[in-house]
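**Q** This is final34.cif (mmCIF, C-alpha atoms and all ligand atoms).
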data_query
loop_
_atom_site.label_atom_id
_atom_site.label_comp_id
_atom_site.auth_asym_id
_atom_site.auth_seq_id
_atom_site.Cartn_x
_atom_site.Cartn_y
_atom_site.Cartn_z
CA MET A 48 -53.17 25.61 72.13
CA VAL A 49 -54.94 22.57 73.60
CA TYR A 50 -51.53 21.27 74.69
CA ASN A 51 -50.76 24.55 76.52
CA PHE A 52 -54.17 24.52 78.20
CA VAL A 53 -53.73 20.91 79.40
CA LYS A 54 -50.14 21.58 80.47
CA LYS A 55 -51.19 24.65 82.47
CA TYR A 56 -53.88 22.80 84.40
CA ILE A 57 -51.85 19.63 84.96
CA TYR A 58 -48.95 21.72 86.28
CA GLY A 59 -51.38 23.71 88.45
CA PHE A 60 -52.82 20.50 89.88
CA LEU A 61 -49.37 19.03 90.59
CA PHE A 62 -48.27 22.23 92.35
CA ASP A 63 -51.46 22.18 94.46
CA VAL A 64 -50.73 18.59 95.52
CA ALA A 65 -47.10 19.51 96.31
CA ASP A 66 -48.30 22.48 98.41
CA LEU A 67 -50.58 20.20 100.40
CA ILE A 68 -47.83 17.68 101.10
CA CYS A 69 -45.16 20.25 101.77
CA PRO A 70 -46.53 23.80 102.33
CA PRO A 71 -44.16 26.51 101.06
CA ASN A 72 -42.45 28.86 103.49
CA CYS A 73 -41.91 32.60 103.27
CA LEU A 74 -38.57 33.14 101.57
CA ALA A 75 -37.60 35.81 104.10
CA CYS A 76 -38.85 34.69 107.54
CA GLN A 77 -39.46 30.98 106.80
CA LYS A 78 -42.97 31.03 108.25
CA PRO A 79 -45.36 28.70 106.38
CA LEU A 80 -47.41 30.48 103.74
CA ASP A 81 -51.11 29.82 103.59
CA ARG A 82 -52.71 28.73 100.33
CA VAL A 83 -53.74 32.29 99.50
CA HIS A 84 -50.07 33.07 99.13
CA LYS A 85 -49.09 30.12 97.05
CA LYS A 86 -48.26 32.41 94.15
CA HIS A 87 -46.15 34.63 96.39
CA LEU A 88 -42.81 33.94 97.98
CA PHE A 89 -43.33 36.21 100.98
CA CYS A 90 -45.81 36.39 103.85
CA ASP A 91 -47.96 39.47 104.51
CA LEU A 92 -45.66 40.76 107.23
CA CYS A 93 -42.56 40.57 105.04
CA CYS A 94 -44.43 42.18 102.13
CA GLU A 95 -45.42 45.06 104.41
CA LYS A 96 -41.77 45.53 105.41
CA MET A 97 -40.82 46.04 101.75
CA ILE A 98 -43.59 48.44 100.76
CA VAL A 99 -43.84 52.16 101.48
CA SER A 100 -47.18 53.88 101.39
CA LEU A 101 -48.00 55.86 98.28
CA TRP A 102 -48.08 59.01 100.41
CA GLU A 103 -44.54 58.55 101.74
CA TYR A 104 -42.56 59.12 98.55
CA CYS A 105 -42.20 61.89 96.01
CA PRO A 106 -44.06 61.05 92.79
CA ARG A 107 -41.61 63.18 90.81
CA CYS A 108 -38.29 61.59 91.89
CA GLY A 109 -39.27 58.69 94.18
CA ALA A 110 -37.31 60.03 97.19
CA ILE A 111 -38.72 59.04 100.57
CA GLY A 112 -39.01 61.45 103.48
CA PHE A 113 -38.44 64.82 101.78
CA LEU A 114 -42.00 65.77 100.91
CA MET A 115 -42.90 69.46 100.85
CA PRO A 116 -46.21 70.93 102.05
CA GLY A 117 -48.93 69.25 100.01
CA GLY A 118 -47.06 65.94 100.23
CA HIS A 119 -47.45 63.38 97.50
CA SER A 120 -49.75 65.61 95.47
CA ASN A 121 -47.32 68.56 95.33
CA LYS A 122 -46.53 68.85 91.61
CA ASP A 123 -43.24 70.68 92.33
CA GLY A 124 -41.77 67.50 93.82
CA CYS A 125 -39.92 67.35 97.13
CA PHE A 126 -37.01 69.04 98.88
CA GLU A 127 -34.68 66.62 97.06
CA CYS A 128 -35.82 67.36 93.52
CA TRP A 129 -37.67 70.67 93.22
CA GLN A 130 -34.59 72.38 91.73
CA GLN A 131 -33.82 69.53 89.32
CA THR A 132 -35.04 69.00 85.78
CA PHE A 133 -35.78 65.45 84.70
CA GLN A 134 -36.46 63.86 81.34
CA PHE A 135 -39.03 61.59 82.98
CA SER A 136 -42.40 62.77 84.20
CA GLY A 137 -42.71 60.70 87.39
CA VAL A 138 -41.52 57.76 89.44
CA THR A 139 -43.37 54.84 91.03
CA ILE A 140 -41.49 52.83 93.63
CA LEU A 141 -42.27 49.78 95.73
CA GLY A 142 -40.18 50.72 98.76
CA LYS A 143 -36.98 51.97 100.30
CA TYR A 144 -33.84 50.17 99.24
CA SER A 145 -32.82 49.00 102.70
CA GLU A 146 -33.19 46.06 105.06
CA LEU A 147 -35.42 43.32 103.62
CA LEU A 148 -36.08 44.91 100.22
CA ARG A 149 -32.33 45.41 99.75
CA LEU A 150 -31.62 41.76 100.60
CA VAL A 151 -34.31 40.57 98.20
CA ILE A 152 -33.01 42.77 95.36
CA LEU A 153 -29.45 41.54 95.95
CA ARG A 154 -30.64 37.94 95.91
CA MET A 155 -32.61 38.66 92.75
CA LYS A 156 -29.37 39.49 90.94
CA HIS A 157 -28.31 35.83 91.19
CA ASP A 158 -31.72 34.32 90.52
CA ARG A 159 -31.13 33.06 86.99
CA ASP A 160 -34.67 31.75 86.49
CA GLY A 161 -36.19 35.09 87.47
CA ILE A 162 -38.53 33.45 89.99
CA ILE A 163 -37.89 36.08 92.68
CA SER A 164 -37.97 38.93 90.19
CA SER A 165 -41.25 37.83 88.63
CA ASN A 166 -42.70 37.37 92.09
CA MET A 167 -41.59 40.83 93.15
CA ALA A 168 -43.09 42.23 89.96
CA ARG A 169 -46.44 40.66 90.89
CA LEU A 170 -46.14 42.17 94.37
CA PHE A 171 -45.39 45.53 92.76
CA MET A 172 -48.45 45.28 90.54
CA SER A 173 -50.67 44.24 93.42
CA VAL A 174 -49.99 47.54 95.21
CA ARG A 175 -49.08 49.94 92.40
CA GLU A 176 -51.23 48.91 89.43
CA GLN A 177 -53.60 51.85 89.78
CA GLU A 178 -50.67 54.27 89.99
CA LEU A 179 -49.15 52.83 86.81
CA ARG A 180 -52.45 52.84 84.93
CA HIS A 181 -52.89 56.48 85.88
CA GLY A 182 -49.91 57.30 83.65
CA THR A 183 -51.67 55.50 80.72
CA PRO A 184 -48.51 53.80 79.46
CA ASP A 185 -48.55 52.45 75.88
CA LEU A 186 -45.49 50.25 76.21
CA VAL A 187 -42.86 49.02 78.69
CA VAL A 188 -39.10 49.30 78.19
CA PRO A 189 -36.57 47.75 80.60
CA ILE A 190 -33.26 49.51 81.28
CA PRO A 191 -30.72 47.40 79.35
CA MET A 192 -27.64 45.92 80.96
CA HIS A 193 -24.23 46.06 79.29
CA PHE A 194 -23.34 42.70 77.79
CA VAL A 195 -20.19 42.39 79.95
CA ARG A 196 -22.20 42.76 83.14
CA ARG A 197 -24.90 40.44 81.80
CA PHE A 198 -22.23 37.85 80.94
CA PHE A 199 -20.90 37.76 84.50
CA ARG A 200 -24.23 38.07 86.25
CA GLY A 201 -26.34 36.06 83.83
CA VAL A 202 -29.52 37.77 84.99
CA ASN A 203 -31.20 40.92 83.78
CA ASN A 204 -33.94 41.58 86.31
CA PRO A 205 -35.60 44.57 84.63
CA ILE A 206 -36.60 42.21 81.79
CA PHE A 207 -38.62 39.99 84.16
CA PHE A 208 -40.10 43.12 85.74
CA ALA A 209 -41.06 44.57 82.35
CA LYS A 210 -42.63 41.31 81.15
CA GLU A 211 -44.81 41.01 84.23
CA ILE A 212 -45.98 44.63 83.95
CA GLY A 213 -46.65 44.19 80.23
CA THR A 214 -48.76 41.09 80.92
CA GLU A 215 -50.76 42.75 83.70
CA LEU A 216 -51.38 46.01 81.83
CA LYS A 217 -51.77 44.24 78.48
CA ILE A 218 -49.29 46.51 76.73
CA PRO A 219 -46.26 45.59 74.57
CA VAL A 220 -42.86 44.99 76.17
CA CYS A 221 -40.08 46.38 73.98
CA LEU A 222 -36.88 44.57 74.93
CA ASN A 223 -34.84 45.84 72.00
CA PHE A 224 -35.59 49.54 72.01
CA LEU A 225 -32.62 50.58 74.13
CA HIS A 226 -29.03 49.46 73.84
CA ARG A 227 -26.12 50.11 76.19
CA THR A 228 -23.45 51.65 73.99
CA ARG A 229 -20.65 51.46 76.54
CA TYR A 230 -19.74 50.04 79.92
CA THR A 231 -20.36 52.52 82.74
CA GLU A 232 -18.74 52.56 86.14
CA PRO A 233 -21.23 51.55 88.85
CA GLN A 234 -23.02 54.70 89.99
CA PHE A 235 -22.45 54.04 93.69
CA ASN A 236 -18.67 54.52 93.16
CA LEU A 237 -19.27 58.11 92.08
CA LYS A 238 -20.20 61.34 93.78
CA PRO A 239 -23.81 62.35 93.08
CA ASN A 240 -22.82 65.24 90.80
CA HIS A 241 -20.64 62.92 88.65
CA ARG A 242 -23.35 60.34 88.09
CA PHE A 243 -25.15 62.26 85.35
CA ASN A 244 -21.86 62.61 83.39
CA ASN A 245 -21.04 58.92 83.91
CA VAL A 246 -24.12 57.77 82.02
CA ARG A 247 -24.18 60.52 79.41
CA GLY A 248 -24.32 58.82 75.98
CA ALA A 249 -24.55 55.35 77.56
CA PHE A 250 -27.77 54.44 75.71
CA ALA A 251 -28.89 54.41 72.11
CA PHE A 252 -32.33 53.90 70.67
CA VAL A 253 -32.14 50.94 68.30
CA GLY A 254 -35.84 50.19 67.76
CA ARG A 255 -38.22 51.33 65.07
CA LYS A 256 -39.06 54.99 65.58
CA GLU A 257 -42.58 54.62 64.19
CA LEU A 258 -43.38 52.23 67.06
CA LEU A 259 -42.24 54.80 69.62
CA ALA A 260 -43.58 58.01 68.08
CA GLY A 261 -46.06 59.76 70.40
CA LYS A 262 -46.11 56.85 72.88
CA HIS A 263 -46.13 57.07 76.68
CA VAL A 264 -43.35 54.83 77.89
CA LEU A 265 -42.97 53.06 81.22
CA LEU A 266 -39.25 52.58 81.83
CA VAL A 267 -38.41 49.94 84.44
CA ASP A 268 -35.33 49.17 86.51
CA ASP A 269 -34.69 47.40 89.81
CA ILE A 270 -33.07 50.28 91.77
CA MET A 271 -32.94 54.04 91.45
CA THR A 272 -30.45 56.27 93.27
CA THR A 273 -30.12 59.81 91.93
CA GLY A 274 -32.14 58.98 88.84
CA ALA A 275 -29.18 59.70 86.54
CA THR A 276 -29.41 56.38 84.67
CA CYS A 277 -33.18 56.57 84.21
CA ASN A 278 -32.87 60.21 83.22
CA GLU A 279 -30.38 59.43 80.44
CA ALA A 280 -32.45 56.52 79.11
CA ALA A 281 -35.56 58.74 79.20
CA ARG A 282 -33.71 61.47 77.29
CA VAL A 283 -32.81 59.00 74.53
CA LEU A 284 -36.38 57.70 74.31
CA ARG A 285 -37.84 61.20 74.15
CA GLU A 286 -35.35 62.29 71.50
CA ALA A 287 -36.40 59.23 69.51
CA GLY A 288 -40.03 60.37 69.63
CA ALA A 289 -41.64 59.17 72.90
CA ALA A 290 -44.32 61.56 74.17
CA SER A 291 -43.44 60.90 77.80
CA VAL A 292 -41.46 58.54 80.00
CA ARG A 293 -42.38 57.43 83.51
CA ILE A 294 -40.21 55.28 85.78
CA ALA A 295 -41.06 52.18 87.82
CA VAL A 296 -38.47 50.69 90.22
CA TYR A 297 -38.55 48.27 93.13
CA GLY A 298 -36.21 50.13 95.42
CA ARG A 299 -35.27 53.78 95.88
CA THR A 300 -31.90 54.27 97.55
CA MET A 301 -31.34 57.23 99.77
CA LYS A 302 -28.16 59.24 99.13
CA GLU A 303 -24.97 57.26 99.60
CA GLU A 304 -26.35 53.77 100.16
CA LYS A 305 -24.36 51.21 98.21
CA PRO A 306 -26.45 48.92 95.99
ZN ZN B 401 -42.24 36.32 105.99
ZN ZN B 402 -38.76 64.55 94.64
#
Write the structure described by the file as C-alpha cells, please.

**A**
Amino acid sequence: MVYNFVKKYIYGFLFDVADLICPPNCLACQKPLDRVHKKHLFCDLCCEKMIVSLWEYCPRCGAIGFLMPGGHSNKDGCFECWQQTFQFSGVTILGKYSELLRLVILRMKHDRDGIISSNMARLFMSVREQELRHGTPDLVVPIPMHFVRRFFRGVNNPIFFAKEIGTELKIPVCLNFLHRTRYTEPQFNLKPNHRFNNVRGAFAFVGRKELLAGKHVLLVDDIMTTGATCNEAARVLREAGAASVRIAVYGRTMKEEKP
C-alpha cells in the first residue's frame, strides 16, 4: 500500500515535470492543452464538438433530432422509437456518431492501452454523471466482444468504459456476466429490420444469478445504432434476474451510417 502511494505521487510528479517541459497537445486539433486539461486528451472546443446537449436526444432510445412535443422529458420516447418495445429502460449518450466523435471512436478501436477509451470515459462522466446516477445503477456490465473479433482487434473498449464508470460511481464492474455465444455479422451490413434477428441468441448470462437478482444494471458499449445489440443483451440480463437495464454509449449513429 505504501509502495502504491509513493509510486502514484512519484509518477504524478514526473508527469507534471514532463508537462512543463513539453506541454501536451489536443489529440484532435493539436492546440496546446493548458494544465487544467492535463488529464484530458482534448481541448474544450473539441470536447464541445463531441457532446450533444442532454435535451437534444431521446432518453428512451438515444436518437438525436426526433423528439416529440415535451422533448427529452416525454416518457413515450421520440418519433423514432415510440412504436418500439425495448428490454432496456433508457439510453445515455455522449454525442452523435459523426465527424470528430466518429474519428475518435474509430481510433479507439486500435488503442491497445485503452488510453483514449479511458479518457473518453472520463469525459463522458464529467457531463453525464448526474444522468447515470439518476438511474441508481447497482453494477456495470460491458457488452462482450466475440473472441475472434477481440483476437484481430486486440482491444475491447467497452471494458475500459465500464471500469471508469464503475470507479466513478463506486459500483462493481462485472466483466464476466455476459458471453458472446456466436460470431455475428456486423450490424451495419444489415437492413434495420434484420438487425434484431442477427443478434438473437448471441449472448448468454454466465455469471452468478444471485449477484444479478433484483439489480439495476448499466450496460455499456461504444456505439449504438438501432439498439438491437443492446436490446438482446438487456433481454438476457433481465431473464437472468436483473430488475432493470439502462444503456450508456459514446456515440449514437443515425440510420445507415457505417461504424
Ligand atoms: Zn482540440
Ligand atoms: Zn426515441

**Q** Please return as a PyMOL selection string the residues found within 8 Å of ligand ZN 401 (chain B), counting only C-alpha atoms and all ligand atoms.

**A** chain A and resi 72-78+89-94

**Q** Generate a file of the selected residues that holds C-alpha atoms, formatted as a CSV table (one decimal), in the frame of the given file.

**A**
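Written output follows (result-v8.csv):
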chain,number,residue,atom,x,y,z
A,72,ASN,CA,-42.4,28.9,103.5
A,73,CYS,CA,-41.9,32.6,103.3
A,74,LEU,CA,-38.6,33.1,101.6
A,75,ALA,CA,-37.6,35.8,104.1
A,76,CYS,CA,-38.8,34.7,107.5
A,77,GLN,CA,-39.5,31.0,106.8
A,78,LYS,CA,-43.0,31.0,108.2
A,89,PHE,CA,-43.3,36.2,101.0
A,90,CYS,CA,-45.8,36.4,103.8
A,91,ASP,CA,-48.0,39.5,104.5
A,92,LEU,CA,-45.7,40.8,107.2
A,93,CYS,CA,-42.6,40.6,105.0
A,94,CYS,CA,-44.4,42.2,102.1

**Q** So what do you get for CA of Ala287 in chain A versus CA of Leu216 in chain A, distance-wise?

**A**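 Straight-line distance from CA of Ala287 in chain A to CA of Leu216 in chain A works out to 23.5 Å.
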
**Q** So, with all atoms listed in the file as the atoms that count, which of A:Lys210, A:Thr300, A:Ala275, A:Gly248 lies closest to Asn166 in chain A?

**A**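 So, comparing all the options, the nearest one is A:Lys210.
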
**Q** Could you tell me which of A:Gly124, A:Gly182, A:Gly137, A:Gly213 comes closest to ligand ZN 402 (chain B) if we count all atoms listed in the file?

**A**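 Selected residue with least distance to ligand ZN 402 (chain B): A:Gly124.
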
**Q** Return the single residue from A:Thr273, A:Asp158, A:Ala295, A:Glu257 that is closest to ligand ZN 402 (chain B), with distances computed using only C-alpha atoms and all ligand atoms.

**A** A:Thr273

**Q** Grab me every residue within 6 Å of ligand ZN 402 (chain B), counting all atoms listed in the file, and send it over as a PyMOL selection string.

**A** chain A and resi 105+107-110+124-125+127-128

**Q** Hey, can you check how far CA of Trp129 in chain A sits from CA of Asn245 in chain A?

**A**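 Atom-to-atom, CA of Trp129 in chain A and CA of Asn245 in chain A are spaced 22.4 Å apart.
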
**Q** Of the residues A:Glu286, A:Glu279, A:Asp185, A:Glu211, which is the one nearest to His263 in chain A, using only C-alpha atoms?

**A**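 Ranking A:Glu286, A:Glu279, A:Asp185, A:Glu211 by distance to His263 in chain A, first place goes to A:Asp185.
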
**Q** Compile the contact shell of Leu225 in chain A as a ChimeraX atom specification: residues with an atom at most 9 Å away, counting only C-alpha atoms, same-chain residues fewer than 4 positions apart removed.

**A** /A:188-191,221,250-254,280,283-284

**Q** Selected residues, C-alpha atoms, written as a tab-separated table (two decimals), in the coordinates of the input, please.

**A**
chain	number	residue	atom	x	y	z
A	188	VAL	CA	-39.10	49.30	78.19
A	189	PRO	CA	-36.57	47.75	80.60
A	190	ILE	CA	-33.26	49.51	81.28
A	191	PRO	CA	-30.72	47.40	79.35
A	221	CYS	CA	-40.08	46.38	73.98
A	250	PHE	CA	-27.77	54.44	75.71
A	251	ALA	CA	-28.89	54.41	72.11
A	252	PHE	CA	-32.33	53.90	70.67
A	253	VAL	CA	-32.14	50.94	68.30
A	254	GLY	CA	-35.84	50.19	67.76
A	280	ALA	CA	-32.45	56.52	79.11
A	283	VAL	CA	-32.81	59.00	74.53
A	284	LEU	CA	-36.38	57.70	74.31

**Q** Pick out the residues sitting within 10 Å of Thr139 in chain A, and hand them over as a list in words; count all atoms listed in the file, and ignore anything fewer than 4 positions along from it in its own chain.

**A**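 Returned residues: Leu101, Tyr104, Cys105, Pro106, Arg107, Cys108, Gly109, Phe171, Arg175, Glu176, Glu178, Leu179, Leu265, Val267, Arg293, Ile294, Ala295, Val296, Tyr297, Gly298 and Arg299 of chain A.
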
**Q** Residues around (-44.9, 60.0, 74.3), cut-off 6 Å, counting all atoms listed in the file - what are they as a PyMOL selection string?

**A** chain A and resi 261-263+289-291

**Q** Just the number, please: distance in Å from CA of Arg247 in chain A to CA of Phe224 in chain A, one decimal.

**A**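 Separating CA of Arg247 in chain A from CA of Phe224 in chain A is a distance of 17.5 Å.
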